[in-house]
$ cat model26.cif   # mmCIF, C-alpha atoms
data_coords
#
loop_
_atom_site.label_atom_id
_atom_site.label_comp_id
_atom_site.auth_asym_id
_atom_site.auth_seq_id
_atom_site.Cartn_x
_atom_site.Cartn_y
_atom_site.Cartn_z
CA MET A 1 4.43 7.89 -18.81
CA LYS A 2 2.69 6.39 -15.79
CA LYS A 3 4.26 3.29 -14.29
CA ALA A 4 3.05 0.94 -11.57
CA ILE A 5 3.95 -2.35 -9.94
CA LEU A 6 2.93 -4.47 -6.96
CA GLY A 7 5.38 -5.46 -4.28
CA LYS A 8 5.97 -6.69 -0.77
CA LYS A 9 7.69 -4.86 2.07
CA LEU A 10 10.79 -6.73 3.24
CA GLY A 11 12.04 -4.28 5.88
CA MET A 12 14.37 -1.33 6.37
CA THR A 13 18.11 -0.87 6.23
CA GLN A 14 20.57 1.90 5.37
CA ILE A 15 23.03 2.45 2.54
CA PHE A 16 25.81 4.88 1.70
CA MET A 17 25.28 7.28 -1.18
CA PRO A 18 28.08 8.23 -3.64
CA ASP A 19 28.61 11.51 -1.73
CA GLY A 20 29.23 9.58 1.49
CA SER A 21 25.89 10.36 3.15
CA LEU A 22 24.02 7.57 4.94
CA VAL A 23 20.32 7.27 4.08
CA PRO A 24 17.58 5.00 5.49
CA VAL A 25 15.87 2.88 2.85
CA THR A 26 12.94 0.49 2.68
CA VAL A 27 13.54 -2.69 0.68
CA ILE A 28 10.57 -3.69 -1.48
CA GLN A 29 10.29 -7.00 -3.32
CA ALA A 30 8.67 -5.47 -6.43
CA GLY A 31 7.27 -7.80 -9.07
CA PRO A 32 7.39 -9.66 -11.28
CA CYS A 33 3.73 -8.93 -12.05
CA THR A 34 1.65 -10.61 -14.75
CA VAL A 35 -0.94 -8.77 -16.82
CA VAL A 36 -4.14 -10.73 -16.17
CA GLN A 37 -6.70 -8.46 -17.85
CA LYS A 38 -6.97 -5.32 -20.01
CA LYS A 39 -9.95 -2.97 -19.58
CA THR A 40 -10.92 -1.00 -22.70
CA ASN A 41 -13.22 1.95 -23.41
CA GLU A 42 -15.29 -0.11 -25.84
CA LYS A 43 -16.02 -2.94 -23.43
CA ASP A 44 -15.62 -1.48 -19.93
CA GLY A 45 -15.97 2.27 -20.38
CA TYR A 46 -12.42 3.04 -19.25
CA GLU A 47 -8.86 1.89 -19.84
CA ALA A 48 -6.94 0.01 -17.16
CA VAL A 49 -4.58 -2.91 -16.63
CA GLN A 50 -5.03 -5.65 -14.03
CA PHE A 51 -1.83 -6.99 -12.50
CA GLY A 52 -1.41 -10.29 -10.69
CA TYR A 53 1.35 -10.66 -8.09
CA ASP A 54 2.80 -13.51 -5.99
CA THR A 55 2.16 -16.59 -8.13
CA TYR A 56 0.80 -19.71 -6.43
CA ALA A 57 2.21 -23.17 -6.96
CA GLU A 58 -0.28 -25.28 -8.93
CA LYS A 59 -1.28 -27.53 -6.00
CA ARG A 60 -1.50 -24.53 -3.67
CA ALA A 61 -3.79 -22.70 -6.08
CA GLU A 62 -6.22 -25.65 -6.13
CA LYS A 63 -6.73 -25.23 -2.39
CA LEU A 64 -6.76 -21.45 -2.04
CA VAL A 65 -8.30 -20.05 -5.25
CA ASN A 66 -12.04 -20.33 -5.77
CA LYS A 67 -13.64 -21.42 -9.06
CA PRO A 68 -14.62 -17.96 -10.40
CA GLU A 69 -11.11 -16.63 -9.83
CA MET A 70 -9.53 -19.76 -11.29
CA GLY A 71 -11.69 -19.31 -14.40
CA HIS A 72 -10.50 -15.71 -14.62
CA PHE A 73 -6.87 -16.84 -14.62
CA LYS A 74 -7.52 -19.67 -17.10
CA LYS A 75 -9.20 -17.27 -19.51
CA ALA A 76 -6.05 -15.12 -19.44
CA GLY A 77 -3.84 -18.21 -19.76
CA VAL A 78 -1.72 -17.27 -16.74
CA ALA A 79 -0.91 -18.91 -13.39
CA ALA A 80 -3.08 -18.03 -10.39
CA THR A 81 -1.72 -15.28 -8.12
CA ARG A 82 -2.34 -14.25 -4.53
CA TYR A 83 -3.08 -10.59 -5.34
CA LEU A 84 -5.00 -8.85 -8.13
CA ARG A 85 -4.90 -5.06 -8.45
CA GLU A 86 -5.96 -2.68 -11.19
CA PHE A 87 -4.12 0.42 -12.41
CA ARG A 88 -5.32 3.15 -14.77
CA LEU A 89 -2.30 3.80 -16.96
CA GLU A 90 -2.02 6.23 -19.86
CA ASP A 91 -0.47 3.56 -22.09
CA ALA A 92 -2.79 0.74 -20.97
CA ALA A 93 -3.40 -0.21 -24.60
CA SER A 94 0.28 -1.09 -25.05
CA TYR A 95 0.11 -3.89 -22.45
CA GLU A 96 -0.79 -7.43 -23.48
CA VAL A 97 -2.41 -10.17 -21.39
CA GLY A 98 0.29 -12.52 -20.13
CA GLN A 99 3.00 -9.84 -20.28
CA VAL A 100 5.38 -9.78 -17.32
CA VAL A 101 6.14 -6.41 -15.70
CA LYS A 102 9.40 -6.25 -13.76
CA VAL A 103 10.99 -3.79 -11.37
CA ASP A 104 13.21 -2.30 -14.06
CA VAL A 105 10.28 -0.14 -15.23
CA PHE A 106 11.53 2.18 -12.48
CA ALA A 107 14.96 3.81 -12.38
CA GLU A 108 17.14 5.48 -9.77
CA GLY A 109 15.93 8.97 -8.94
CA ASP A 110 12.27 8.34 -9.83
CA LYS A 111 9.66 9.93 -7.57
CA ILE A 112 7.01 7.44 -6.44
CA ASP A 113 3.91 7.12 -4.26
CA VAL A 114 3.66 3.95 -2.15
CA THR A 115 0.29 2.71 -0.91
CA GLY A 116 -0.18 0.04 1.74
CA THR A 117 -2.22 -0.96 4.79
CA SER A 118 -0.97 0.61 8.00
CA LYS A 119 -0.02 -1.50 11.00
CA GLY A 120 -2.84 -2.38 13.39
CA HIS A 121 -2.64 -1.10 16.98
CA GLY A 122 -5.89 -2.54 18.31
CA PHE A 123 -8.24 -0.51 20.52
CA THR A 124 -6.41 2.59 21.75
CA GLY A 125 -7.26 5.75 23.66
CA ALA A 126 -7.53 9.28 22.31
CA ILE A 127 -3.99 10.21 23.38
CA TYR A 128 -2.31 7.40 21.42
CA ARG A 129 -4.79 7.40 18.55
CA TRP A 130 -5.12 11.15 17.92
CA ASN A 131 -2.03 12.58 19.67
CA GLN A 132 -4.32 14.33 22.14
CA HIS A 133 -2.78 16.12 25.12
CA THR A 134 -2.94 14.50 28.57
CA GLY A 135 -4.67 16.03 31.53
CA PRO A 136 -2.72 17.39 34.51
CA MET A 137 -0.40 14.65 35.74
CA ALA A 138 -0.43 15.83 39.38
CA HIS A 139 -1.81 13.47 42.03
CA GLY A 140 -4.87 15.56 42.79
CA SER A 141 -6.07 15.77 39.18
CA LYS A 142 -7.50 12.24 38.97
CA TYR A 143 -7.99 12.78 35.21
CA HIS A 144 -4.90 11.93 33.20
CA ARG A 145 -5.60 10.07 29.96
CA GLY A 146 -9.34 10.55 29.45
CA VAL A 147 -11.01 11.70 26.26
CA GLY A 148 -11.91 15.11 27.74
CA SER A 149 -15.06 17.15 27.21
CA MET A 150 -17.51 15.58 24.76
CA SER A 151 -19.85 18.52 24.04
CA ALA A 152 -21.96 21.27 25.60
CA ASN A 153 -24.70 20.16 27.98
CA SER A 154 -27.91 21.85 26.82
CA ASP A 155 -26.94 22.95 23.32
CA PRO A 156 -26.40 20.99 21.09
CA SER A 157 -27.17 18.19 23.61
CA ARG A 158 -25.30 15.67 21.48
CA VAL A 159 -21.78 14.67 20.48
CA PHE A 160 -20.77 15.90 17.04
CA LYS A 161 -19.67 13.44 14.39
CA ASN A 162 -15.92 12.94 14.00
CA LYS A 163 -15.23 13.71 17.65
CA HIS A 164 -11.79 12.30 18.47
CA MET A 165 -12.44 9.35 20.76
CA SER A 166 -11.05 5.93 21.64
CA GLY A 167 -11.33 3.20 19.02
CA HIS A 168 -9.65 0.90 16.53
CA TYR A 169 -6.35 2.42 15.45
CA GLY A 170 -4.54 1.40 12.26
CA VAL A 171 -5.31 -1.11 9.48
CA GLU A 172 -6.15 1.72 7.08
CA ARG A 173 -5.20 2.31 3.46
CA THR A 174 -2.28 4.76 3.64
CA THR A 175 -0.24 6.46 0.94
CA VAL A 176 3.19 8.05 1.38
CA GLN A 177 3.94 10.47 -1.44
CA ASN A 178 7.06 11.73 -3.19
CA LEU A 179 9.50 9.04 -2.10
CA THR A 180 12.73 8.69 -4.08
CA VAL A 181 13.98 5.47 -5.64
CA VAL A 182 17.55 5.08 -4.40
CA LYS A 183 18.46 1.83 -6.16
CA VAL A 184 16.92 -0.75 -8.48
CA ASP A 185 18.21 -4.34 -8.33
CA ALA A 186 16.65 -5.94 -11.41
CA GLU A 187 18.33 -9.32 -10.85
CA ARG A 188 16.71 -9.80 -7.45
CA ASP A 189 13.53 -7.75 -8.14
CA LEU A 190 14.36 -5.30 -5.36
CA LEU A 191 13.42 -1.65 -5.10
CA LEU A 192 15.23 0.48 -2.48
CA VAL A 193 13.19 3.54 -1.50
CA HIS A 194 14.43 6.47 0.59
CA GLY A 195 12.38 6.60 3.80
CA ALA A 196 9.59 4.55 5.38
CA VAL A 197 6.50 3.07 3.73
CA PRO A 198 3.19 1.95 5.30
CA GLY A 199 2.50 -1.48 6.72
CA PRO A 200 4.28 -4.41 8.37
CA LYS A 201 6.97 -6.63 6.91
CA GLY A 202 5.42 -8.83 4.25
CA GLY A 203 2.60 -6.37 3.61
CA LEU A 204 1.34 -5.71 0.08
CA LEU A 205 2.42 -2.40 -1.49
CA LEU A 206 1.24 -0.53 -4.58
CA VAL A 207 4.07 1.48 -6.17
CA ARG A 208 3.19 4.20 -8.70
CA ASN A 209 4.59 7.37 -10.20
CA SER A 210 4.22 10.35 -7.90
CA VAL A 211 1.18 12.49 -8.73
CA LYS A 212 2.78 15.62 -7.24
CA ALA A 213 6.35 15.33 -8.52
#
$ encode --input "model26.cif" --output "structure tokens"
Amino acid sequence: MKKAILGKKLGMTQIFMPDGSLVPVTVIQAGPCTVVQKKTNEKDGYEAVQFGYDTYAEKRAEKLVNKPEMGHFKKAGVAATRYLREFRLEDAASYEVGQVVKVDVFAEGDKIDVTGTSKGHGFTGAIYRWNQHTGPMAHGSKYHRGVGSMSANSDPSRVFKNKHMSGHYGVERTTVQNLTVVKVDAERDLLLVHGAVPGPKGGLLLVRNSVKA
């Protein structure tokens, strides 16, 4: 059965396992998520569930949520949330609008994929952005961190697409696959995942079953 939840990255720490080994873990504030909408084959052409995460206070929602979105939440009879994301789940029909999904849908040992937005690094050169090799670092070289040769001169007389060059690095949708759930703290809505996940602290994360497990 496919499972999914929205969460927020809190940071990294390390914990001891029962065998005495020390493992690095990422702490994710996962859920609770509210089912805001159900997509059906009859009406929408496919089955999916829309989750809302990070509920606004009523006065805060009046300032930050526009009228179309507020109408969407009122139709579902749920409080306005900061994030809305849709998941195609095999058992989408079993969910009901207004249902609350908590972190305990996952268990220790589950394999998951975590999707987030990678950290932004601004405008960077080819060496930092693409792990390109430097030029000779001797004093006479005078070419250390440049992009290198662009293309041939007469043929093709242009730079090919996808040439590794300087540019905006980061702020991309990134997925880390096959991470292991080390611990689930249902009381505090915490998910401890072995290893690192994309994005900065406080960044939104989509947690799903691993597709390659």
$ resolve_selection --input "model26.cif" --expression "the PyMOL selection byres ((chain A and resi 33-37) around 9)" --output "PyMOL selection string"
chain A and resi 5-7+30-32+38-39+48-55+72-73+75-79+81+84+86+95-103
$ residues_around --input "model26.cif" --residues "A:Asn131" --least-positions-apart "6" --cutoff "12 Å" --atoms "only C-alpha atoms" --output "list in words"
Thr124, Gly125, Arg145, Val147, His164, Met165, Ser166 and Tyr169 of chain A
$ closest_residue --input "model26.cif" --among "A:Lys111, A:Lys161, A:Lys3, A:Lys8" --to "A:Pro200" --atoms "all atoms listed in the file"
A:Lys8
$ residues_near_point --input "model26.cif" --point "(13.9, 5.7, -2.5)" --cutoff "9 Å" --atoms "only C-alpha atoms" --output "MDAnalysis selection string"
chainID A and resid 24:27 108:112 179:183 191:195
$ closest_residue --input "model26.cif" --among "A:Asn162, A:Glu47, A:Gly120, A:Arg82" --to "A:Ser94" --atoms "all atoms listed in the file"
A:Glu47
$ resolve_selection --input "model26.cif" --expression "the PyMOL selection byres ((chain A and resi 116) around 10)" --output "list in words"
Gly7, Lys8, Lys9, Val114, Thr115, Thr117, Ser118, Lys119, Val171, Glu172, Arg173, Thr174, Thr175, Val176, Val197, Pro198, Gly199, Pro200, Gly203, Leu204, Leu205, Leu206 and Val207 of chain A
$ closest_residue --input "model26.cif" --among "A:Tyr46, A:Val23, A:Ser151, A:Asp113" --to "A:Ser210" --atoms "only C-alpha atoms"
A:Asp113
$ build_atoms --input "model26.cif" --residues "stretch 82-103 of chain A" --atoms "N, CA, C and O atoms" --output "tab-separated table (two decimals), keeping the file's coordinate frame"
chain	number	residue	atom	x	y	z
A	82	ARG	N	-1.74	-14.58	-5.83
A	82	ARG	CA	-2.34	-14.25	-4.53
A	82	ARG	C	-3.07	-12.91	-4.59
A	82	ARG	O	-4.11	-12.72	-3.98
A	83	TYR	N	-2.51	-11.93	-5.32
A	83	TYR	CA	-3.08	-10.59	-5.34
A	83	TYR	C	-3.46	-10.18	-6.76
A	83	TYR	O	-2.74	-10.50	-7.72
A	84	LEU	N	-4.57	-9.46	-6.88
A	84	LEU	CA	-5.00	-8.85	-8.13
A	84	LEU	C	-5.28	-7.37	-7.86
A	84	LEU	O	-6.06	-7.05	-6.96
A	85	ARG	N	-4.64	-6.49	-8.61
A	85	ARG	CA	-4.90	-5.06	-8.45
A	85	ARG	C	-4.94	-4.41	-9.83
A	85	ARG	O	-4.28	-4.83	-10.76
A	86	GLU	N	-5.74	-3.35	-9.92
A	86	GLU	CA	-5.96	-2.68	-11.19
A	86	GLU	C	-5.35	-1.28	-11.18
A	86	GLU	O	-5.47	-0.56	-10.19
A	87	PHE	N	-4.72	-0.91	-12.28
A	87	PHE	CA	-4.12	0.42	-12.41
A	87	PHE	C	-4.62	1.08	-13.69
A	87	PHE	O	-4.68	0.45	-14.74
A	88	ARG	N	-4.97	2.37	-13.59
A	88	ARG	CA	-5.32	3.15	-14.77
A	88	ARG	C	-4.04	3.81	-15.29
A	88	ARG	O	-3.56	4.77	-14.69
A	89	LEU	N	-3.54	3.30	-16.39
A	89	LEU	CA	-2.30	3.80	-16.96
A	89	LEU	C	-2.58	4.47	-18.31
A	89	LEU	O	-3.49	4.05	-19.04
A	90	GLU	N	-1.82	5.50	-18.60
A	90	GLU	CA	-2.02	6.23	-19.86
A	90	GLU	C	-1.78	5.34	-21.08
A	90	GLU	O	-2.45	5.48	-22.10
A	91	ASP	N	-0.80	4.43	-20.97
A	91	ASP	CA	-0.47	3.56	-22.09
A	91	ASP	C	-1.01	2.15	-21.87
A	91	ASP	O	-0.36	1.16	-22.23
A	92	ALA	N	-2.21	2.05	-21.27
A	92	ALA	CA	-2.79	0.74	-20.97
A	92	ALA	C	-2.94	-0.11	-22.22
A	92	ALA	O	-2.82	-1.34	-22.17
A	93	ALA	N	-3.19	0.53	-23.36
A	93	ALA	CA	-3.40	-0.21	-24.60
A	93	ALA	C	-2.13	-0.94	-25.05
A	93	ALA	O	-2.20	-1.92	-25.81
A	94	SER	N	-0.98	-0.47	-24.61
A	94	SER	CA	0.28	-1.09	-25.05
A	94	SER	C	0.59	-2.38	-24.31
A	94	SER	O	1.48	-3.13	-24.71
A	95	TYR	N	-0.12	-2.65	-23.20
A	95	TYR	CA	0.11	-3.89	-22.45
A	95	TYR	C	-0.67	-5.04	-23.10
A	95	TYR	O	-1.73	-4.84	-23.68
A	96	GLU	N	-0.13	-6.24	-22.97
A	96	GLU	CA	-0.79	-7.43	-23.48
A	96	GLU	C	-1.01	-8.42	-22.35
A	96	GLU	O	-0.18	-8.53	-21.44
A	97	VAL	N	-2.12	-9.15	-22.40
A	97	VAL	CA	-2.41	-10.17	-21.39
A	97	VAL	C	-1.32	-11.23	-21.41
A	97	VAL	O	-0.94	-11.72	-22.48
A	98	GLY	N	-0.81	-11.56	-20.24
A	98	GLY	CA	0.29	-12.52	-20.13
A	98	GLY	C	1.66	-11.86	-20.06
A	98	GLY	O	2.64	-12.53	-19.73
A	99	GLN	N	1.72	-10.56	-20.35
A	99	GLN	CA	3.00	-9.84	-20.28
A	99	GLN	C	3.48	-9.76	-18.84
A	99	GLN	O	2.69	-9.62	-17.91
A	100	VAL	N	4.78	-9.85	-18.66
A	100	VAL	CA	5.38	-9.78	-17.32
A	100	VAL	C	6.01	-8.40	-17.12
A	100	VAL	O	6.81	-7.94	-17.95
A	101	VAL	N	5.61	-7.74	-16.04
A	101	VAL	CA	6.14	-6.41	-15.70
A	101	VAL	C	7.14	-6.58	-14.57
A	101	VAL	O	6.80	-7.14	-13.51
A	102	LYS	N	8.36	-6.09	-14.76
A	102	LYS	CA	9.40	-6.25	-13.76
A	102	LYS	C	9.79	-4.90	-13.15
A	102	LYS	O	9.36	-3.84	-13.61
A	103	VAL	N	10.64	-4.98	-12.14
A	103	VAL	CA	10.99	-3.79	-11.37
A	103	VAL	C	11.79	-2.78	-12.19
A	103	VAL	O	11.83	-1.60	-11.85
